[in-house]
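A.B. asks: So here's final_35.txt (compact mmCIF, C-alpha atoms and all ligand atoms).
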# COMPACT_ATOMS: atom_id res chain seq x y z
CA MET A 22 -56.91 26.29 5.22
CA PRO A 23 -57.87 23.04 3.47
CA GLY A 24 -55.67 21.67 0.72
CA VAL A 25 -52.51 23.68 1.33
CA SER A 26 -50.40 21.26 3.34
CA MET A 27 -47.16 20.15 1.69
CA VAL A 28 -45.76 16.86 2.84
CA ALA A 29 -41.99 17.13 2.51
CA LEU A 30 -39.98 14.24 1.15
CA PRO A 31 -38.03 12.38 3.84
CA ALA A 32 -34.55 13.93 4.11
CA GLN A 33 -32.80 10.77 2.97
CA GLU A 34 -34.93 10.68 -0.18
CA ILE A 35 -34.39 14.26 -1.31
CA GLY A 36 -30.89 13.63 -2.65
CA LYS A 37 -32.09 10.65 -4.66
CA PHE A 38 -35.06 12.61 -6.00
CA ARG A 39 -32.81 15.44 -7.15
CA ARG A 40 -30.24 13.17 -8.78
CA ARG A 41 -32.96 11.26 -10.60
CA LEU A 42 -34.56 14.39 -12.01
CA LEU A 43 -31.25 16.02 -13.02
CA ALA A 44 -30.09 12.82 -14.75
CA TRP A 45 -33.38 12.64 -16.63
CA PHE A 46 -33.06 16.29 -17.67
CA ALA A 47 -29.47 15.81 -18.89
CA LYS A 48 -30.65 12.95 -21.10
CA ARG A 49 -34.07 14.11 -22.24
CA LYS A 50 -34.01 17.90 -22.42
CA ARG A 51 -35.19 19.41 -25.66
CA ASP A 52 -32.58 21.00 -27.85
CA LEU A 53 -33.58 24.68 -27.70
CA PRO A 54 -31.50 27.65 -28.86
CA TRP A 55 -31.54 29.45 -25.50
CA ARG A 56 -30.14 26.33 -23.84
CA LYS A 57 -26.87 26.78 -25.69
CA THR A 58 -25.94 30.00 -23.90
CA LYS A 59 -25.38 31.55 -20.50
CA ASP A 60 -25.72 35.08 -21.89
CA PRO A 61 -28.22 36.79 -19.58
CA TYR A 62 -29.58 38.93 -22.44
CA ARG A 63 -30.47 35.85 -24.49
CA ILE A 64 -31.92 34.01 -21.53
CA TRP A 65 -33.97 37.02 -20.52
CA LEU A 66 -35.26 37.41 -24.09
CA SER A 67 -36.26 33.73 -24.26
CA GLU A 68 -38.06 33.92 -20.92
CA ILE A 69 -40.05 36.97 -22.00
CA MET A 70 -40.97 35.44 -25.35
CA LEU A 71 -42.00 32.16 -23.70
CA GLN A 72 -44.56 33.83 -21.44
CA GLN A 73 -48.00 32.58 -22.54
CA THR A 74 -46.47 31.34 -25.80
CA ARG A 75 -45.60 27.88 -27.09
CA VAL A 76 -41.95 26.91 -27.54
CA ALA A 77 -42.40 26.05 -31.24
CA ALA A 78 -43.85 29.51 -31.92
CA VAL A 79 -41.03 31.25 -30.05
CA VAL A 80 -38.00 29.62 -31.71
CA PRO A 81 -38.12 31.48 -35.08
CA TYR A 82 -38.94 34.80 -33.39
CA TYR A 83 -36.08 34.34 -30.96
CA ASN A 84 -33.59 33.62 -33.74
CA ASN A 85 -34.73 36.53 -35.94
CA PHE A 86 -34.84 38.95 -33.04
CA LEU A 87 -31.24 38.20 -32.15
CA VAL A 88 -30.07 38.79 -35.70
CA ARG A 89 -31.54 42.30 -35.58
CA PHE A 90 -30.91 43.04 -31.87
CA PRO A 91 -27.87 40.97 -30.91
CA GLY A 92 -27.32 42.58 -27.53
CA VAL A 93 -28.82 44.80 -24.89
CA GLN A 94 -27.24 47.95 -26.32
CA ALA A 95 -28.64 47.36 -29.80
CA LEU A 96 -32.05 46.80 -28.25
CA ALA A 97 -31.85 49.91 -26.08
CA ARG A 98 -30.90 52.04 -29.11
CA ALA A 99 -33.63 50.71 -31.38
CA ARG A 100 -36.89 52.47 -32.17
CA GLU A 101 -39.95 50.92 -30.56
CA GLU A 102 -41.51 50.42 -33.96
CA ALA A 103 -38.57 48.31 -35.15
CA ILE A 104 -38.85 46.13 -32.05
CA LEU A 105 -42.60 45.71 -32.46
CA SER A 106 -42.19 44.73 -36.08
CA HIS A 107 -39.95 41.84 -34.96
CA TRP A 108 -42.54 40.89 -32.37
CA ALA A 109 -45.57 41.15 -34.65
CA GLY A 110 -47.58 37.92 -34.53
CA LEU A 111 -46.18 36.76 -31.18
CA GLY A 112 -48.86 38.67 -29.26
CA TYR A 113 -48.90 40.31 -25.81
CA TYR A 114 -47.03 43.32 -27.16
CA SER A 115 -46.54 44.96 -23.79
CA ARG A 116 -43.80 42.35 -23.39
CA ALA A 117 -41.85 43.94 -26.26
CA ARG A 118 -42.39 47.46 -24.97
CA ASN A 119 -41.24 46.48 -21.47
CA LEU A 120 -38.24 44.66 -22.92
CA HIS A 121 -37.25 47.86 -24.68
CA ARG A 122 -37.64 50.01 -21.57
CA ALA A 123 -35.76 47.48 -19.45
CA ALA A 124 -32.88 47.41 -21.98
CA GLN A 125 -32.66 51.20 -21.73
CA GLU A 126 -32.53 50.98 -17.93
CA ILE A 127 -29.87 48.27 -18.05
CA VAL A 128 -27.72 50.45 -20.29
CA ALA A 129 -28.31 53.57 -18.19
CA ARG A 130 -28.00 52.08 -14.72
CA HIS A 131 -26.30 48.70 -14.88
CA GLY A 132 -23.40 49.18 -17.28
CA SER A 133 -25.28 47.36 -20.07
CA VAL A 134 -25.25 44.08 -18.13
CA PHE A 135 -28.38 42.40 -16.79
CA PRO A 136 -28.15 42.87 -12.99
CA ARG A 137 -27.16 39.90 -10.83
CA GLU A 138 -29.11 41.01 -7.77
CA TYR A 139 -32.65 39.76 -7.44
CA ASP A 140 -34.15 43.07 -6.29
CA ALA A 141 -32.44 45.02 -9.08
CA ALA A 142 -33.72 42.53 -11.66
CA LEU A 143 -37.20 42.69 -10.18
CA ALA A 144 -37.20 46.49 -10.45
CA LEU A 145 -36.87 46.32 -14.27
CA PRO A 146 -40.01 46.78 -16.38
CA GLY A 147 -41.70 43.49 -17.28
CA ILE A 148 -39.67 41.39 -14.84
CA GLY A 149 -41.63 39.52 -12.20
CA ARG A 150 -40.51 37.02 -9.60
CA TYR A 151 -40.53 34.13 -12.03
CA THR A 152 -38.45 35.86 -14.73
CA ALA A 153 -35.95 37.28 -12.22
CA ALA A 154 -35.41 33.82 -10.72
CA ALA A 155 -35.12 32.17 -14.13
CA VAL A 156 -32.58 34.60 -15.56
CA LEU A 157 -30.44 34.80 -12.42
CA SER A 158 -30.36 31.05 -11.85
CA ILE A 159 -29.68 30.08 -15.46
CA ALA A 160 -27.26 32.87 -16.40
CA TYR A 161 -25.52 33.50 -13.09
CA ASN A 162 -26.09 30.31 -11.07
CA GLU A 163 -27.84 32.30 -8.34
CA PRO A 164 -29.91 30.10 -6.02
CA HIS A 165 -33.45 31.26 -6.79
CA ALA A 166 -36.15 28.69 -7.48
CA VAL A 167 -38.67 29.40 -10.22
CA LEU A 168 -42.38 28.90 -9.87
CA ASP A 169 -44.43 29.00 -13.02
CA GLY A 170 -47.51 27.06 -14.08
CA ASN A 171 -45.49 23.97 -15.00
CA VAL A 172 -43.53 23.84 -11.75
CA ALA A 173 -46.64 24.58 -9.69
CA ARG A 174 -48.46 21.67 -11.32
CA VAL A 175 -45.55 19.27 -10.69
CA LEU A 176 -45.34 20.33 -7.05
CA ALA A 177 -49.09 20.15 -6.56
CA ARG A 178 -49.10 16.57 -7.84
CA LEU A 179 -45.99 15.49 -5.96
CA HIS A 180 -47.58 16.73 -2.75
CA ALA A 181 -51.20 15.92 -3.71
CA VAL A 182 -52.27 19.51 -3.07
CA ARG A 183 -55.85 20.48 -3.77
CA GLY A 184 -57.27 23.94 -4.35
CA ASP A 185 -56.64 26.85 -6.70
CA LEU A 186 -52.86 26.99 -7.11
CA ARG A 187 -53.03 30.68 -8.01
CA ALA A 188 -54.67 31.61 -4.70
CA PRO A 189 -52.03 33.82 -3.05
CA ALA A 190 -51.64 31.76 0.14
CA LEU A 191 -51.22 28.53 -1.77
CA TRP A 192 -48.89 30.07 -4.35
CA LYS A 193 -46.70 31.26 -1.48
CA ARG A 194 -46.56 27.73 -0.07
CA LEU A 195 -45.60 26.40 -3.47
CA GLU A 196 -42.81 29.00 -3.72
CA THR A 197 -41.46 27.81 -0.39
CA ALA A 198 -41.68 24.18 -1.51
CA ALA A 199 -39.86 25.02 -4.77
CA GLN A 200 -37.12 26.84 -2.89
CA GLU A 201 -36.67 23.92 -0.47
CA LEU A 202 -36.23 21.49 -3.33
CA LEU A 203 -33.79 23.70 -5.25
CA VAL A 204 -30.34 22.25 -5.91
CA ARG A 205 -28.26 25.21 -4.88
CA ASN A 206 -25.08 24.42 -6.76
CA THR A 207 -26.86 23.92 -10.10
CA PRO A 208 -29.99 26.08 -9.73
CA GLY A 209 -30.30 26.81 -13.46
CA ASP A 210 -30.32 23.15 -14.44
CA TRP A 211 -32.62 22.31 -11.56
CA ASN A 212 -35.15 24.97 -12.46
CA GLN A 213 -35.11 23.95 -16.09
CA ALA A 214 -35.47 20.29 -15.13
CA MET A 215 -38.59 21.03 -13.08
CA MET A 216 -40.08 23.12 -15.88
CA GLU A 217 -39.17 20.50 -18.49
CA LEU A 218 -40.87 17.78 -16.45
CA GLY A 219 -44.03 19.88 -16.30
CA ALA A 220 -43.89 20.77 -19.99
CA THR A 221 -43.23 17.31 -21.39
CA VAL A 222 -44.23 14.60 -18.86
CA CYS A 223 -46.31 16.01 -16.02
CA VAL A 224 -48.55 17.70 -18.58
CA PRO A 225 -51.89 19.30 -17.69
CA LYS A 226 -54.49 16.87 -19.02
CA SER A 227 -53.03 13.36 -18.95
CA PRO A 228 -49.74 13.18 -17.06
CA LYS A 229 -47.42 10.51 -18.47
CA CYS A 230 -46.66 8.97 -15.10
CA GLU A 231 -45.19 5.83 -16.65
CA GLU A 232 -42.39 7.98 -18.15
CA CYS A 233 -41.86 10.07 -15.04
CA PRO A 234 -38.39 9.88 -13.43
CA VAL A 235 -39.76 10.83 -9.99
CA ALA A 236 -42.97 8.82 -10.01
CA GLN A 237 -41.99 6.82 -6.92
CA TRP A 238 -42.20 10.01 -4.82
CA CYS A 239 -45.49 11.27 -6.21
CA ARG A 240 -48.39 11.32 -3.77
CA ALA A 241 -51.02 12.17 -6.38
CA ARG A 242 -50.02 9.10 -8.36
CA LYS A 243 -50.14 6.90 -5.26
CA LEU A 244 -53.61 8.20 -4.49
CA GLY A 245 -54.72 7.75 -8.11
CA ILE A 246 -55.64 11.43 -8.46
CA ALA A 247 -52.82 12.71 -10.71
CA GLY A 248 -55.22 13.46 -13.57
CA GLN A 249 -57.54 15.41 -11.25
CA LEU A 250 -54.86 17.84 -10.08
CA PRO A 251 -54.49 20.71 -10.14
CA GLU A 252 -58.15 21.40 -9.53
CA ALA A 253 -59.82 23.64 -12.10
CA ARG A 254 -59.69 27.35 -11.42
CA LYS A 255 -62.81 29.43 -11.56
CA LYS A 256 -62.79 30.90 -15.05
CA ARG A 257 -63.44 34.55 -15.59
CA PRO A 258 -66.47 34.84 -17.87
CA PRO A 259 -65.50 36.05 -21.35
CA VAL A 260 -66.08 39.68 -22.32
CA ARG A 261 -67.56 39.88 -25.80
CA ILE A 262 -66.59 42.86 -27.90
CA ALA A 263 -67.99 43.81 -31.31
CA LEU A 264 -65.96 46.07 -33.59
CA ALA A 265 -66.33 47.46 -37.09
CA ALA A 266 -63.20 48.29 -39.10
CA ALA A 267 -62.68 50.20 -42.35
CA VAL A 268 -60.25 48.94 -44.98
CA LEU A 269 -60.04 52.01 -47.21
CA ILE A 270 -58.54 51.35 -50.62
CA ASP A 271 -57.46 53.99 -53.11
CA PRO A 272 -57.12 53.33 -56.85
CA GLY A 273 -53.43 52.51 -56.39
CA GLY A 274 -54.14 49.78 -53.82
CA ARG A 275 -53.06 51.83 -50.82
CA THR A 276 -54.85 51.71 -47.50
CA LEU A 277 -54.99 53.80 -44.35
CA LEU A 278 -53.51 52.70 -41.03
CA VAL A 279 -53.71 54.68 -37.83
CA ARG A 280 -52.48 54.18 -34.31
CA GLN A 281 -54.70 54.81 -31.30
CA ASP A 282 -53.51 54.84 -27.74
CA GLY A 283 -56.77 54.59 -25.85
CA GLY A 284 -60.17 53.00 -26.47
CA ASP A 285 -60.21 50.32 -29.11
CA GLY A 286 -56.50 50.96 -29.73
CA ALA A 287 -55.81 48.62 -26.81
CA LEU A 288 -57.59 45.82 -28.68
CA PHE A 289 -55.06 46.26 -31.49
CA SER A 290 -52.20 46.33 -28.98
CA ARG A 291 -51.60 50.00 -29.82
CA MET A 292 -49.99 48.93 -33.10
CA TRP A 293 -50.91 50.07 -36.61
CA GLN A 294 -54.57 49.30 -37.25
CA PHE A 295 -57.41 50.06 -39.61
CA PRO A 296 -59.79 52.80 -38.43
CA ALA A 297 -62.22 51.00 -36.18
CA LEU A 298 -64.84 51.53 -33.55
CA GLU A 299 -66.71 49.47 -31.04
CA THR A 300 -70.29 48.90 -32.09
CA THR A 301 -73.10 46.45 -31.69
CA ALA A 302 -75.87 47.11 -34.20
CA GLY A 303 -75.75 49.18 -37.40
CA ALA A 304 -72.02 48.71 -37.92
CA ALA A 305 -71.92 50.11 -41.48
CA SER A 306 -73.64 53.41 -40.78
CA LYS A 307 -71.78 53.95 -37.51
CA LEU A 308 -68.50 53.27 -39.25
CA ALA A 309 -69.38 55.70 -42.08
CA ARG A 310 -70.13 58.38 -39.50
CA HIS A 311 -66.91 57.63 -37.62
CA LEU A 312 -64.88 57.99 -40.84
CA ARG A 313 -66.57 61.27 -41.65
CA GLU A 314 -66.25 62.80 -38.19
CA LYS A 315 -62.81 61.55 -37.28
CA PHE A 316 -60.97 61.38 -40.61
CA GLY A 317 -63.02 63.60 -42.93
CA VAL A 318 -63.72 60.68 -45.29
CA LYS A 319 -67.12 60.73 -46.91
CA VAL A 320 -68.43 57.30 -47.80
CA THR A 321 -71.81 56.08 -48.82
CA ARG A 322 -73.23 52.72 -47.87
CA GLY A 323 -73.14 51.70 -51.53
CA ARG A 324 -69.33 51.86 -51.59
CA MET A 325 -68.93 49.67 -48.50
CA THR A 326 -68.43 45.95 -49.07
CA LYS A 327 -68.90 43.82 -46.02
CA LEU A 328 -66.03 41.33 -45.62
CA LYS A 329 -66.01 38.03 -43.77
CA THR A 330 -66.39 38.45 -40.01
CA VAL A 331 -63.13 38.04 -38.13
CA ARG A 332 -63.05 36.40 -34.71
CA HIS A 333 -60.19 36.73 -32.31
CA SER A 334 -59.63 35.86 -28.66
CA VAL A 335 -57.20 37.53 -26.31
CA THR A 336 -57.17 36.14 -22.76
CA PHE A 337 -60.73 36.73 -21.53
CA ARG A 338 -61.84 38.90 -24.46
CA GLU A 339 -63.66 37.50 -27.45
CA ILE A 340 -63.58 39.95 -30.33
CA ARG A 341 -66.04 39.82 -33.19
CA LEU A 342 -64.93 42.16 -35.90
CA GLU A 343 -66.86 43.24 -38.99
CA PRO A 344 -64.47 44.62 -41.61
CA PHE A 345 -65.69 46.70 -44.55
CA LEU A 346 -63.76 47.24 -47.76
CA ILE A 347 -64.32 50.82 -48.90
CA ARG A 348 -63.03 52.11 -52.23
CA VAL A 349 -62.15 55.79 -52.18
CA ALA A 350 -60.82 58.16 -54.82
CA GLY A 351 -58.07 59.30 -52.45
CA LEU A 352 -56.94 58.61 -48.89
CA PRO A 353 -57.18 61.42 -46.37
CA GLU A 354 -53.96 63.09 -45.29
CA ILE A 355 -53.64 62.52 -41.58
CA ALA A 356 -50.62 63.44 -39.53
CA GLY A 357 -48.94 60.35 -38.11
CA ALA A 358 -50.97 57.90 -40.23
CA ARG A 359 -49.50 55.40 -42.68
CA THR A 360 -50.68 54.55 -46.18
CA PRO A 361 -48.96 51.29 -47.20
CA MET A 362 -50.02 49.05 -50.04
CA LEU A 363 -52.55 46.60 -48.66
CA ARG A 364 -50.50 43.76 -50.09
CA ARG A 365 -47.16 45.00 -48.80
CA PHE A 366 -47.05 46.09 -45.21
CA GLY A 367 -43.36 45.26 -45.00
CA ARG A 368 -42.14 45.54 -41.44
CA LEU A 369 -44.96 47.76 -40.15
CA PRO A 370 -45.93 46.31 -36.78
CA ILE A 371 -49.53 45.10 -36.77
CA SER A 372 -51.32 42.80 -34.37
CA SER A 373 -52.73 39.38 -35.24
CA VAL A 374 -56.26 40.73 -35.48
CA THR A 375 -55.18 43.33 -38.05
CA ARG A 376 -53.32 40.61 -39.96
CA LYS A 377 -56.57 38.62 -40.10
CA ILE A 378 -58.41 41.62 -41.55
CA VAL A 379 -55.69 42.12 -44.18
CA ASP A 380 -55.91 38.47 -45.21
CA THR A 381 -59.70 38.67 -45.42
CA ALA A 382 -59.58 41.87 -47.50
CA ILE A 383 -56.98 40.45 -49.90
CA ALA A 384 -58.90 37.17 -50.29
CA ASP A 385 -62.14 39.03 -51.00
CA SER A 386 -60.49 41.40 -53.44
CA GLU A 387 -58.77 38.58 -55.30
CA ASN A 388 -62.13 36.89 -55.76
CA LYS A 389 -63.49 40.06 -57.27
CA GLY A 390 -60.31 41.20 -58.98
CA ALA A 391 -60.78 44.47 -57.15
CA LEU A 392 -57.30 45.28 -55.94
CA SER A 393 -54.66 46.86 -57.99
CA PRO A 394 -51.93 46.55 -58.93
FE1 LIG B 401 -46.55 14.18 -12.55
FE2 LIG B 401 -47.22 11.60 -12.79
FE3 LIG B 401 -44.70 12.32 -12.31
FE4 LIG B 401 -46.55 12.59 -10.44
S1 LIG B 401 -45.85 10.66 -11.35
S2 LIG B 401 -44.98 14.08 -10.97
S3 LIG B 401 -48.33 13.17 -11.66
S4 LIG B 401 -45.90 12.76 -14.17
Just give me the structure as structure tokens.
Ligand code: SF4
C.D. replies:
Amino acid sequence: MPGVSMVALPAQEIGKFRRRLLAWFAKRKRDLPWRKTKDPYRIWLSEIMLQQTRVAAVVPYYNNFLVRFPGVQALARAREEAILSHWAGLGYYSRARNLHRAAQEIVARHGSVFPREYDAALALPGIGRYTAAAVLSIAYNEPHAVLDGNVARVLARLHAVRGDLRAPALWKRLETAAQELLVRNTPGDWNQAMMELGATVCVPKSPKCEECPVAQWCRARKLGIAGQLPEARKKRPPVRIALAAAVLIDPGGRTLLVRQDGGDGALFSRMWQFPALETTAGAASKLARHLREKFGVKVTRGRMTKLKTVRHSVTFREIRLEPFLIRVAGLPEIAGARTPMLRRFGRLPISSVTRKIVDTAIADSENKGALSP
């Protein structure tokens, strides 16, 4: 298979390479809250929050979450809604749901302590190979190498590997290479050093090779191709989705939120959302019919004010959402629905797309002085 060969460092150089990277990490590592602890719960939480999410965005969520859920037992006991409300805005909400389920399993089966064994960790909801290796190496000093996007990029450049790094055969080779490089007596520091190098120096677009502590061993740099690696993956074409949503407002300024498990509920991460439906043309009349048939709310086109279109992207999905502000004399009574003030959702968990609709509705209403109180 072209592009998958890994040229190992000469044995006599490996020690030097490791010492150089660890010394750099000790001096340059960013001061992050989860680096001040060996508590497996805190490390696990940070690793889950950091998936697909920038460090700067995670820090305040991490700190707040720990105030409310300081340990695995508190998390296991909590209601899902309380957990989601502390996750709202961070996105990828299945992470929070899995975290909750895993905490319950840890309490039920592992004496409330994150398991030390790799297979037991891997069996928990939401824990993949990367997260298991990260938590076990950092919290328990277990010798498991991590492989995430940052580490894969560093390895691909060090070895001048071409091809799609996420192709299973190549990913496997990278895992082996990561495990061979691992410093077994300080696996947590080593893993973090590799990830830190990828996050701060060996960055995706323009690697800062002049600042790199291991530049002398880098094949991609020697070949002058560091900026070309890793090679671009084939992108999945985006799926475009059009939705219409109803922001019902009663004379007291209350609105209606529902929760849907299937269909468009998934686009709102199964959190509280405005009544909505997928539609292409004729959004207003389809929405009016949807409100009538599903919620028993009769609205006429004349009472529907079209708000600014909201755009939102989640992985490969591009959502175009047309919200309508609809004034009603009274909100329907629906079992399991919520009717908060539009201006005060408090800790109700809502997704980012719903937050955008709220902001649009409030801005529009303020312009027109339409909302009370
Ligand atoms: Fe990455 Fe450049 Fe260092 Fe090579 S020399 S590992 S490309 S930062």
A.B. asks: Report, in Å to a single decimal, how far apart atom S1 of ligand LIG 401 (chain B) and atom CA of Trp238 of chain A are.
C.D. replies: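 Atom S1 of ligand LIG 401 (chain B) lies at a distance of 7.5 Å from atom CA of Trp238 of chain A.
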A.B. asks: Would you compute the distance between atom CA of Met70 of chain A and atom CA of Arg116 of chain A? Give it in Å to one decimal.
C.D. replies: 7.7 Å
A.B. asks: Which neighbours of Ala173 of chain A fall inside 10 Å, counting all atoms listed in the file, when residues of the same chain fewer than 6 positions from it are skipped, and could you give them as a PyMOL selection string?
C.D. replies: chain A and resi 167+179+186-187+191-192+195-196+198-199+215-216+219+251
A.B. asks: Identify, counting only C-alpha atoms and all ligand atoms, the protein, DNA and RNA residues located within 12 Å of ligand LIG 401 (chain B), and give them as JSON, numbers by chain.
C.D. replies: {"A": [38, 41, 42, 171, 172, 173, 174, 175, 176, 177, 178, 179, 180, 181, 182, 215, 216, 217, 218, 219, 220, 221, 222, 223, 224, 225, 226, 227, 228, 229, 230, 231, 232, 233, 234, 235, 236, 237, 238, 239, 240, 241, 242, 243, 244, 245, 246, 247, 248, 249, 250, 251]}
A.B. asks: Find the residues near Ile262 of chain A: any atom within 9 Å, counting only C-alpha atoms, skip ones fewer than 2 places away on the same chain, and give them as a PyMOL selection string.
C.D. replies: chain A and resi 260+264+299-301+338-342
A.B. asks: Here is a test: counting all atoms listed in the file, which residue of A:Gly184, A:Ala382, A:Leu202, A:Val349 is nearest to Pro31 of chain A?
C.D. replies: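 With all atoms listed in the file as the atom set, the closest residue is A:Leu202.
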A.B. asks: Taking into account all atoms listed in the file, which residue in the set A:Pro258, A:His333, A:Gln73, A:Ala358 is nearest to Pro296 of chain A?
C.D. replies: A:Ala358
A.B. asks: Between A:Asn85, A:Gln213, A:Ser115, A:Ser158, which is the closest to Lys59 of chain A once you count all atoms listed in the file?
C.D. replies: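 Among A:Asn85, A:Gln213, A:Ser115, A:Ser158, it is A:Ser158 that comes nearest to Lys59 of chain A.
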A.B. asks: Please return, as JSON, numbers by chain, all polymer residues that have at least one atom within 9 Å of the point (-55.6, 49.0, -40.1); use all atoms listed in the file and the file's own coordinate frame.
C.D. replies: {"A": [266, 267, 268, 269, 276, 277, 278, 279, 280, 292, 293, 294, 295, 296, 297, 371, 375, 376, 378, 379]}
A.B. asks: Do a neighbour search on Leu157 of chain A at 10 Å with only C-alpha atoms, toss out local chain neighbours closer than 3 positions, and write the hits as a list in words.
C.D. replies: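 Counting only C-alpha atoms, the residues come to Pro61, Ile64, Trp65, Phe135, Pro136, Arg137, Glu138, Tyr139, Ala142, Thr152, Ala153, Ala154, Ala160, Tyr161, Asn162, Glu163, Pro164, His165, Ala166, Pro208 and Gly209 of chain A.
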A.B. asks: What is the atom CA of Ala350 of chain A-atom CA of Ile270 of chain A distance in Å, reported with one decimal?
C.D. replies: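 The value is 8.3 Å.
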A.B. asks: Out of A:Arg291, A:Arg348, A:Arg194, A:Arg359, which residue has the shortest atom-to-atom distance to Ser372 of chain A when counting only C-alpha atoms?
C.D. replies: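 Counting only C-alpha atoms, the residue closest to Ser372 of chain A is A:Arg291.
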A.B. asks: Need to verify the contact set: Arg310 of chain A, 12 Å, all atoms listed in the file, exclusion of same-chain residues closer than 4 positions in sequence. Can you return it as a ChimeraX atom specification?
C.D. replies: /A:265,267,296-298,303-306,314-322
A.B. asks: Around all the atoms of segment 234-252 of chain A listed in the file, draw an axis-aligned box and extend it by 6 Å on each of the six sides; I want its centre and edge lengths in Å to one decimal, as lines of an AutoDock Vina configuration file.
C.D. replies:
center_x = -48.3
center_y = 14.1
center_z = -8.7
size_x = 31.8
size_y = 26.6
size_z = 21.8
A.B. asks: Just checking: using all atoms listed in the file, which residue out of A:Thr326, A:Ser106, A:Gln125, A:Asn206 ends up closest to Phe366 of chain A?
C.D. replies: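 Of all the options, A:Ser106 lies closest to Phe366 of chain A.
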A.B. asks: Using all atoms listed in the file for the distances, tell me which of A:Glu343, A:Thr381, A:Thr58, A:Lys329 is nearest to Leu308 of chain A.
C.D. replies: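 Nearest to Leu308 of chain A: A:Glu343.
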